[in-house]
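Read through the structure below, which is laid out as structure tokens, and then see the notes.
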Amino acid sequence: MPTMLNTFTTQIDVSSEPLASVQADWLAVGVWADEPYTGPAADLVARLRESGDLTAKHLELVPVLNPVGVAAKRLLFVGLGNRADAKRATLHEAASAAARHISGKKVGTVAFAVPDPAFTLAVGVGLVQGIQGPGIRKTTPTRFAPDRIVLLNANAADLPRVRAEARALWLARELVNAPPCDLYPESFAVAASDAGRATGFSVEVWDESRIAAERMGSLLAVAKGSTRPARLAILRYTGNPGGPVLGLVGKGVTFDSGGLSLKPTDGMVDMKCDMAGAAAVLAGTQAVAELKLPVNVLGVLALVENMPSGTAVMLGDVLTARNGKTIEVLNTDAEGRLILADALCFAAEQTDRLVDFATLTGACLIALGTETSGLMTNDDGWGDAILAAVGRAGERAWKLPMDASYDGLIKSKVADMRNTGGGRWGGAIAGGKFLQQFVGTAKWVHLDIAGPAFAEGETAALDAGGTGCMVRAIVEMAKGFGA
Ligand code: BES
Ligand code: MN
Ligand code: ZN
């Protein structure tokens with residue numbers, strides 16, 4: 001792991017000890033709004049409920065210091081909302097909110113009483129979501145990961161998956177939160193190689209001359225405005241030799257200034273996040289490999305910096321992608337589709353099942369808001385399978401139309417296509433239509449994660465910064481693949 005990334009060192013365990021006798025700095029206990037409470041300190045909970053100080057609505061937190069009748073130093077009652085509405089996302093958020101509350105100072109052990117063993121994964125991964133924040137890099141940190149997390153009343157069989165998803169979520173968020181002075185194409189590729197070596201998947205890194213030899217003219221055009229050279233990282237995990245391959249492609253623009261179509265400061269300020277797709281592919285592949293799932297994964301990370309300079313790609317330039325198609329560049333800020341074009345061509349040569357992950361358009365944020373990714377596909381069956389996997393993971397995506405009536409969005413007078421829609425409308429779909437030109441006959445899904453990848457501000461359940469979006473979803477995609 002490159003030294004600029006904080007490593008995940010929290011030990012996660014399960015224990016069947018009685019809740020009241022668990023030695024811990026904090027014992028967090030969930031309370032359902034629509035069910036009687038039967039856990040430790042039941043008298044106290046009854047009084048708190050009577051006085052209205054505990055309603056158990058979702059994400060409500062009631063800390064109790066020096067509680068009587070339990071061995072833990074502190075108790076935290078965590079509102080879970082109605083059991084009738086409970087699902088992975090609501091339990092993930094509740095655990096994350098609890099963990100945020102107690103990770104403001106350094107503690108040794110945090111124990112969480114899982115309200116139902118079926119929610120072990122949601123709670124375990126949610127806790128890790130809450131113990132990590134962008135402030136972890138301050139000279140005086142604002143968030144501290146505990147030494148140990150203990151899951152009580154848990155399903156012990158889920159522990160390996162909790163650990164793998166927690167470590168992957170951590171990695172993805174560290175990568176997104178890392179500043180662009182530290183994380184650029186070469187250092188990202190090193191992080192990928194390190195992850196592969198540590199976990200057991202292969203990582204091949206192509207430098208700019210190999211990328212040129214591989215006819216990836218569209219990707220290289222974006223990179224040439226920067227002093228930092230492009231990289232293409234190719235991840236391979238083989239858990240089902242000879243079987244079908246799940247192809248995952250990630251947009252890895254380590255900083256998006258817009259290029260000569262320079263962004264204003266307001267639009268540029270968070271653009272270190274523009275590699276969140278590549279981070280999800282790397283972290284998701286790591287989790288799949290750690291779990292030794294019986295699938296094959298090909299991950300392709302397209303890594304560039306988009307900068308303005310005397311050598312930058314210009315408006316009016318015409319590029320030739322790996323599949324021979326020509327592209328008229330009308331806006332250098334529509335760079336994600338240019339790098340993904342070549343990465344998708346390459347992936348489509350090796351497998352006919354593709355998913356790409358990209359912080360591709362502000363238009364997708366306009367359409368769907370900050371919590372939901374846009375899903376576009378050339379195959380409804382594959383699209384629905386991916387949509388279902390995202391949902392099972394407790395994440396959100398929504399399908400956008402891709403019919404032929406949108407083809408005009410990418411029509412060019414001088415080349416096979418142009419890289420922007422020309423007008424203001426249908427910007428997310430224009431991106432999808434463009435990418436579709438590079439997947440050949442493969443079944444393909446494009447996930448525009450521009451909204452969910454990065455949180456501008458904090459909420460009860462989530463710190464600002466990288467969110468780790470689609471890491472959990474990739475594990476579900478892999479588990480469902482070929483099933
Ligand atoms: N990386 C941006 C999209 C983005 C915006 C991601 C906000 C996350 C938050 C992308 O490269 C971009 O600049 N897209 C342009 C496309 C346009 C020029 C067709 C956009 O959205 O304005
Ligand atoms: Mn851009
Ligand atoms: Zn971008």
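Residue numbers start at 1 in each chain; chains themselves are named A, B, ... in the order of the structure tokens; ligands are numbered from 1 in the order shown.
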
Check the DSSP output for the backbone and give back, as a PyMOL selection string, the residues of region 37-145 of chain A in alpha helix (DSSP H). chain A and resi 42-50+88-102+120-130

Expected file contents, prior selection, N, CA, C and O atoms, as a short mmCIF file (atom, residue, chain, number, x, y, z; two decimals), in the first residue's frame:
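Generated file (result32.cif):
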data_model
loop_
_atom_site.label_atom_id
_atom_site.label_comp_id
_atom_site.auth_asym_id
_atom_site.auth_seq_id
_atom_site.Cartn_x
_atom_site.Cartn_y
_atom_site.Cartn_z
N ALA A 42 -32.95 -3.14 30.29
CA ALA A 42 -34.33 -3.03 29.79
C ALA A 42 -35.17 -2.04 30.60
O ALA A 42 -36.02 -1.34 30.04
N ASP A 43 -34.90 -1.95 31.92
CA ASP A 43 -35.65 -0.98 32.74
C ASP A 43 -35.38 0.44 32.27
O ASP A 43 -36.28 1.27 32.16
N LEU A 44 -34.07 0.70 32.04
CA LEU A 44 -33.68 2.03 31.59
C LEU A 44 -34.34 2.38 30.25
O LEU A 44 -34.88 3.47 30.06
N VAL A 45 -34.34 1.42 29.34
CA VAL A 45 -34.97 1.66 28.03
C VAL A 45 -36.46 1.95 28.22
O VAL A 45 -37.01 2.86 27.59
N ALA A 46 -37.10 1.22 29.11
CA ALA A 46 -38.53 1.45 29.35
C ALA A 46 -38.76 2.88 29.84
O ALA A 46 -39.68 3.57 29.38
N ARG A 47 -37.90 3.32 30.79
CA ARG A 47 -38.05 4.70 31.30
C ARG A 47 -37.79 5.74 30.23
O ARG A 47 -38.51 6.73 30.11
N LEU A 48 -36.74 5.50 29.43
CA LEU A 48 -36.40 6.45 28.35
C LEU A 48 -37.53 6.54 27.32
O LEU A 48 -37.83 7.61 26.80
N ARG A 49 -38.16 5.42 27.08
CA ARG A 49 -39.26 5.41 26.11
C ARG A 49 -40.46 6.15 26.67
O ARG A 49 -41.11 6.92 25.98
N GLU A 50 -40.70 5.93 27.94
CA GLU A 50 -41.85 6.57 28.59
C GLU A 50 -41.70 8.09 28.60
O GLU A 50 -42.64 8.83 28.35
N ARG A 88 -30.99 -4.08 4.31
CA ARG A 88 -29.55 -3.90 4.47
C ARG A 88 -29.18 -2.41 4.59
O ARG A 88 -28.38 -2.02 5.44
N ALA A 89 -29.79 -1.55 3.76
CA ALA A 89 -29.41 -0.14 3.76
C ALA A 89 -29.73 0.54 5.09
O ALA A 89 -28.93 1.33 5.61
N THR A 90 -30.90 0.23 5.68
CA THR A 90 -31.27 0.92 6.92
C THR A 90 -30.39 0.47 8.09
O THR A 90 -30.01 1.29 8.93
N LEU A 91 -30.02 -0.81 8.12
CA LEU A 91 -29.15 -1.29 9.20
C LEU A 91 -27.71 -0.81 8.99
O LEU A 91 -27.00 -0.47 9.95
N HIS A 92 -27.28 -0.74 7.74
CA HIS A 92 -25.94 -0.20 7.42
C HIS A 92 -25.85 1.25 7.92
O HIS A 92 -24.88 1.63 8.58
N GLU A 93 -26.88 2.01 7.64
CA GLU A 93 -26.87 3.42 8.05
C GLU A 93 -26.92 3.57 9.57
O GLU A 93 -26.23 4.43 10.13
N ALA A 94 -27.73 2.76 10.22
CA ALA A 94 -27.83 2.85 11.68
C ALA A 94 -26.49 2.51 12.33
O ALA A 94 -26.04 3.21 13.26
N ALA A 95 -25.84 1.47 11.84
CA ALA A 95 -24.54 1.09 12.40
C ALA A 95 -23.51 2.16 12.12
O ALA A 95 -22.67 2.49 12.98
N SER A 96 -23.56 2.74 10.92
CA SER A 96 -22.62 3.79 10.56
C SER A 96 -22.82 5.03 11.43
O SER A 96 -21.85 5.62 11.92
N ALA A 97 -24.07 5.40 11.65
CA ALA A 97 -24.35 6.57 12.51
C ALA A 97 -23.84 6.31 13.92
O ALA A 97 -23.23 7.19 14.55
N ALA A 98 -24.04 5.11 14.44
CA ALA A 98 -23.55 4.76 15.78
C ALA A 98 -22.02 4.85 15.82
O ALA A 98 -21.44 5.42 16.75
N ALA A 99 -21.38 4.31 14.80
CA ALA A 99 -19.92 4.31 14.77
C ALA A 99 -19.37 5.74 14.66
O ALA A 99 -18.35 6.07 15.26
N ARG A 100 -20.06 6.60 13.91
CA ARG A 100 -19.62 8.00 13.81
C ARG A 100 -19.68 8.65 15.19
O ARG A 100 -18.83 9.43 15.56
N HIS A 101 -20.73 8.31 15.93
CA HIS A 101 -20.91 8.93 17.25
C HIS A 101 -19.78 8.56 18.20
O HIS A 101 -19.39 9.37 19.04
N ILE A 102 -19.25 7.37 18.08
CA ILE A 102 -18.29 6.90 19.08
C ILE A 102 -16.86 6.91 18.58
O ILE A 102 -15.95 6.55 19.33
N THR A 120 -26.05 -9.28 10.05
CA THR A 120 -24.63 -9.25 10.44
C THR A 120 -23.79 -8.46 9.43
O THR A 120 -22.98 -7.60 9.81
N LEU A 121 -23.99 -8.73 8.16
CA LEU A 121 -23.21 -8.05 7.11
C LEU A 121 -23.51 -6.56 7.11
O LEU A 121 -22.59 -5.72 7.06
N ALA A 122 -24.79 -6.21 7.17
CA ALA A 122 -25.18 -4.80 7.15
C ALA A 122 -24.54 -4.04 8.32
O ALA A 122 -23.98 -2.96 8.14
N VAL A 123 -24.62 -4.62 9.51
CA VAL A 123 -24.09 -3.95 10.70
C VAL A 123 -22.56 -3.89 10.67
O VAL A 123 -21.96 -2.85 10.92
N GLY A 124 -21.94 -5.01 10.34
CA GLY A 124 -20.48 -5.06 10.36
C GLY A 124 -19.86 -4.07 9.38
O GLY A 124 -18.95 -3.30 9.73
N VAL A 125 -20.35 -4.06 8.16
CA VAL A 125 -19.80 -3.15 7.15
C VAL A 125 -20.21 -1.71 7.46
O VAL A 125 -19.44 -0.77 7.28
N GLY A 126 -21.43 -1.54 7.97
CA GLY A 126 -21.90 -0.19 8.34
C GLY A 126 -21.02 0.43 9.42
O GLY A 126 -20.72 1.62 9.37
N LEU A 127 -20.62 -0.37 10.39
CA LEU A 127 -19.74 0.16 11.45
C LEU A 127 -18.44 0.69 10.86
O LEU A 127 -17.96 1.76 11.24
N VAL A 128 -17.90 -0.04 9.92
CA VAL A 128 -16.63 0.40 9.33
C VAL A 128 -16.84 1.65 8.48
O VAL A 128 -15.98 2.53 8.40
N GLN A 129 -18.03 1.75 7.87
CA GLN A 129 -18.35 2.99 7.14
C GLN A 129 -18.25 4.19 8.09
O GLN A 129 -17.80 5.27 7.70
N GLY A 130 -18.67 4.00 9.33
CA GLY A 130 -18.76 5.13 10.26
C GLY A 130 -17.48 5.47 11.00
O GLY A 130 -17.38 6.53 11.59
#

Write out as an MDAnalysis selection string which residues come within 10 Å of Ile327 (chain A) when counting only C-alpha atoms, dropping same-chain ones fewer than 3 positions away. chainID A and resid 218 316:321 324 330 338 341 410:412 414:419 434

How would you write, as a ChimeraX atom specification, the set of residues no farther than 6 Å from ligand 3 when counting only C-alpha atoms and all ligand atoms? /A:256,274,335-336,360

Which residues sit within 12 Å of ligand 2, counting only C-alpha atoms and all ligand atoms, listed as a ChimeraX atom specification? /A:222,251-264,267-268,270-275,304-308,331-339,358-363,419-420,431,450

Take the residues just selected and output them with C-alpha atoms as a PDB file, in the first residue's frame.
ATOM      1  CA  VAL A 222      -6.886  13.156 -22.528  1.00  0.00           C
ATOM      2  CA  LYS A 251     -13.063   5.727 -14.823  1.00  0.00           C
ATOM      3  CA  GLY A 252      -9.880   6.806 -13.079  1.00  0.00           C
ATOM      4  CA  VAL A 253      -9.422  10.538 -13.721  1.00  0.00           C
ATOM      5  CA  THR A 254      -7.257  11.326 -10.701  1.00  0.00           C
ATOM      6  CA  PHE A 255      -7.983  15.014 -11.201  1.00  0.00           C
ATOM      7  CA  ASP A 256     -10.459  16.573 -13.629  1.00  0.00           C
ATOM      8  CA  SER A 257      -9.705  20.252 -14.232  1.00  0.00           C
ATOM      9  CA  GLY A 258     -11.830  20.121 -17.387  1.00  0.00           C
ATOM     10  CA  GLY A 259      -8.752  20.546 -19.594  1.00  0.00           C
ATOM     11  CA  LEU A 260      -8.902  23.515 -21.986  1.00  0.00           C
ATOM     12  CA  SER A 261     -12.674  23.560 -21.339  1.00  0.00           C
ATOM     13  CA  LEU A 262     -11.556  24.529 -17.860  1.00  0.00           C
ATOM     14  CA  LYS A 263     -14.013  24.149 -15.013  1.00  0.00           C
ATOM     15  CA  PRO A 264     -14.750  27.122 -12.743  1.00  0.00           C
ATOM     16  CA  GLY A 267     -17.022  22.761 -10.284  1.00  0.00           C
ATOM     17  CA  MET A 268     -13.373  21.756  -9.894  1.00  0.00           C
ATOM     18  CA  ASP A 270     -14.083  18.145  -5.565  1.00  0.00           C
ATOM     19  CA  MET A 271     -12.633  16.708  -8.773  1.00  0.00           C
ATOM     20  CA  LYS A 272     -10.138  14.493  -6.967  1.00  0.00           C
ATOM     21  CA  CYS A 273     -13.213  12.248  -6.731  1.00  0.00           C
ATOM     22  CA  ASP A 274     -13.223  11.606 -10.483  1.00  0.00           C
ATOM     23  CA  MET A 275     -11.441   8.272 -10.018  1.00  0.00           C
ATOM     24  CA  VAL A 304      -5.285   9.760 -16.360  1.00  0.00           C
ATOM     25  CA  GLU A 305      -5.111  13.361 -15.197  1.00  0.00           C
ATOM     26  CA  ASN A 306      -7.170  15.894 -17.224  1.00  0.00           C
ATOM     27  CA  MET A 307      -5.192  19.146 -17.409  1.00  0.00           C
ATOM     28  CA  PRO A 308      -4.978  22.243 -19.634  1.00  0.00           C
ATOM     29  CA  ASN A 331     -15.521  19.773 -24.978  1.00  0.00           C
ATOM     30  CA  THR A 332     -12.395  18.555 -23.214  1.00  0.00           C
ATOM     31  CA  ASP A 333     -14.376  18.310 -19.969  1.00  0.00           C
ATOM     32  CA  ALA A 334     -16.237  15.313 -21.389  1.00  0.00           C
ATOM     33  CA  GLU A 335     -13.019  13.328 -20.861  1.00  0.00           C
ATOM     34  CA  GLY A 336     -14.367  10.325 -18.975  1.00  0.00           C
ATOM     35  CA  ARG A 337     -16.057   8.881 -22.046  1.00  0.00           C
ATOM     36  CA  LEU A 338     -12.846   9.381 -24.053  1.00  0.00           C
ATOM     37  CA  ILE A 339     -10.747   7.246 -21.715  1.00  0.00           C
ATOM     38  CA  ALA A 358     -17.847   6.299 -13.831  1.00  0.00           C
ATOM     39  CA  THR A 359     -18.361   9.722 -12.281  1.00  0.00           C
ATOM     40  CA  LEU A 360     -19.373  10.687 -15.794  1.00  0.00           C
ATOM     41  CA  THR A 361     -21.831  13.577 -15.810  1.00  0.00           C
ATOM     42  CA  GLY A 362     -23.162  16.407 -13.693  1.00  0.00           C
ATOM     43  CA  ALA A 363     -26.348  15.848 -15.691  1.00  0.00           C
ATOM     44  CA  ASN A 419     -17.999  13.721 -27.310  1.00  0.00           C
ATOM     45  CA  THR A 420     -20.727  16.081 -26.083  1.00  0.00           C
ATOM     46  CA  GLY A 431     -22.650   9.776 -22.130  1.00  0.00           C
ATOM     47  CA  ALA A 450     -21.349  11.071 -10.241  1.00  0.00           C
TER      48      ALA A 450
END

Find the residue from A:Arg137, A:Lys57, A:Arg161, A:Arg197 that sits nearest to Asn177 (chain A); use only C-alpha atoms when measuring. A:Arg137

How would you write, as a list in words, the set of residues in region 151-254 of chain A that DSSP gives as strand (DSSP E)?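 The strand (DSSP E) subset of region 151-254 of chain A is Leu151, Leu152, Ser202, Val203, Glu204, Val205, Trp206, Arg231, Leu232, Ala233, Ile234, Leu235, Arg236, Tyr237, Thr238, Val245, Leu246, Gly247, Leu248, Val249, Gly250, Lys251, Gly252, Val253 and Thr254 of chain A.
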
Option closest in space to Val64 (chain A), from A:Ile211, A:Ala302, A:Ala84, A:Ala28 [counting only C-alpha atoms]: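 So, comparing all the options, the nearest one is A:Ala28.
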
I want to know what sits within 8 Å of Pro115 (chain A), based on only C-alpha atoms, with residues of the same chain fewer than 3 positions away left out; could you give that as a compact mmCIF listing (two decimals) with N, CA, C and O atoms, in the first residue's frame?
# COMPACT_ATOMS: atom_id res chain seq x y z
N VAL A 29 -26.50 -1.04 21.17
CA VAL A 29 -27.63 -1.96 21.11
C VAL A 29 -28.75 -1.32 20.29
O VAL A 29 -29.16 -0.20 20.58
N GLY A 30 -29.21 -2.04 19.30
CA GLY A 30 -30.29 -1.53 18.47
C GLY A 30 -31.64 -1.65 19.16
O GLY A 30 -31.87 -2.60 19.92
N VAL A 31 -32.51 -0.68 18.90
CA VAL A 31 -33.87 -0.70 19.44
C VAL A 31 -34.84 -0.51 18.28
O VAL A 31 -34.73 0.46 17.52
N PHE A 119 -28.76 -9.61 9.83
CA PHE A 119 -28.20 -8.30 9.50
C PHE A 119 -26.73 -8.16 9.89
O PHE A 119 -26.21 -7.04 10.00
N ASN A 153 -24.47 -11.54 18.95
CA ASN A 153 -25.70 -12.08 18.33
C ASN A 153 -25.56 -12.21 16.82
O ASN A 153 -26.54 -12.09 16.09

Using only C-alpha atoms, which protein or nucleic acid residues come within 8 Å of Thr238 (chain A)? Drop anything in the same chain fewer than 2 positions from it, and give the result as a count of residues only. 8

Contact residues around Leu220 (chain A) with only C-alpha atoms at 8 Å, ignoring same-chain residues under 4 positions, as a PyMOL selection string: chain A and resi 208+211-212+216+224+230+339

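If you measure from each of A:Glu458, A:Asp352, A:Asp266, A:Glu290 to ligand 1 using only C-alpha atoms and all ligand atoms, the closest one turns out to be A:Asp266.
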
Any idea what's packed within 7 Å of Trp206 (chain A), counting only C-alpha atoms, ignoring anything in its chain fewer than 3 positions away? Could you give it as number ranges by chain? A: 210-211, 231-233

Output N, CA, C and O atoms for every residue in that selection, as a CSV table (one decimal), in the first residue's frame.
chain,number,residue,atom,x,y,z
A,210,ARG,N,3.2,1.5,-24.0
A,210,ARG,CA,2.4,0.3,-24.3
A,210,ARG,C,0.9,0.7,-24.6
A,210,ARG,O,0.3,0.1,-25.5
A,211,ILE,N,0.4,1.7,-23.9
A,211,ILE,CA,-1.0,2.2,-24.3
A,211,ILE,C,-1.0,2.7,-25.7
A,211,ILE,O,-2.0,2.4,-26.4
A,231,ARG,N,-1.8,5.6,-17.1
A,231,ARG,CA,-1.6,4.2,-16.9
A,231,ARG,C,-2.9,3.4,-17.2
A,231,ARG,O,-4.0,4.0,-17.0
A,232,LEU,N,-2.8,2.2,-17.6
A,232,LEU,CA,-3.9,1.3,-17.7
A,232,LEU,C,-3.6,0.1,-16.8
A,232,LEU,O,-2.5,-0.5,-17.0
A,233,ALA,N,-4.4,-0.1,-15.7
A,233,ALA,CA,-4.2,-1.2,-14.8
A,233,ALA,C,-5.2,-2.3,-15.2
A,233,ALA,O,-6.4,-2.0,-15.3

Quick one: residues within 8 Å of region 367-384 of chain A, only C-alpha atoms counted, chain neighbours fewer than 5 positions away excluded, as a PyMOL selection string? chain A and resi 395-402+428-429+432+436+443-452+455

Which residue is closest to ligand 1? Choose from A:Gln11, A:Val107, A:Glu328, A:Glu456 and count only C-alpha atoms and all ligand atoms.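 Smallest distance to ligand 1 is found for A:Glu456.
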
Choose the residue, out of A:Lys413, A:Ala276, A:Tyr237, A:Cys469, that has the smallest atom-to-atom separation from ligand 1; count only C-alpha atoms and all ligand atoms.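 Of all the options, A:Ala276 lies closest to ligand 1.
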
Could you check the closest approach to Val471 (chain A) for each of A:Leu54, A:Ala278, A:Ile366, A:Ala312 and tell me which residue wins, using only C-alpha atoms?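 So, comparing all the options, the nearest one is A:Ala278.
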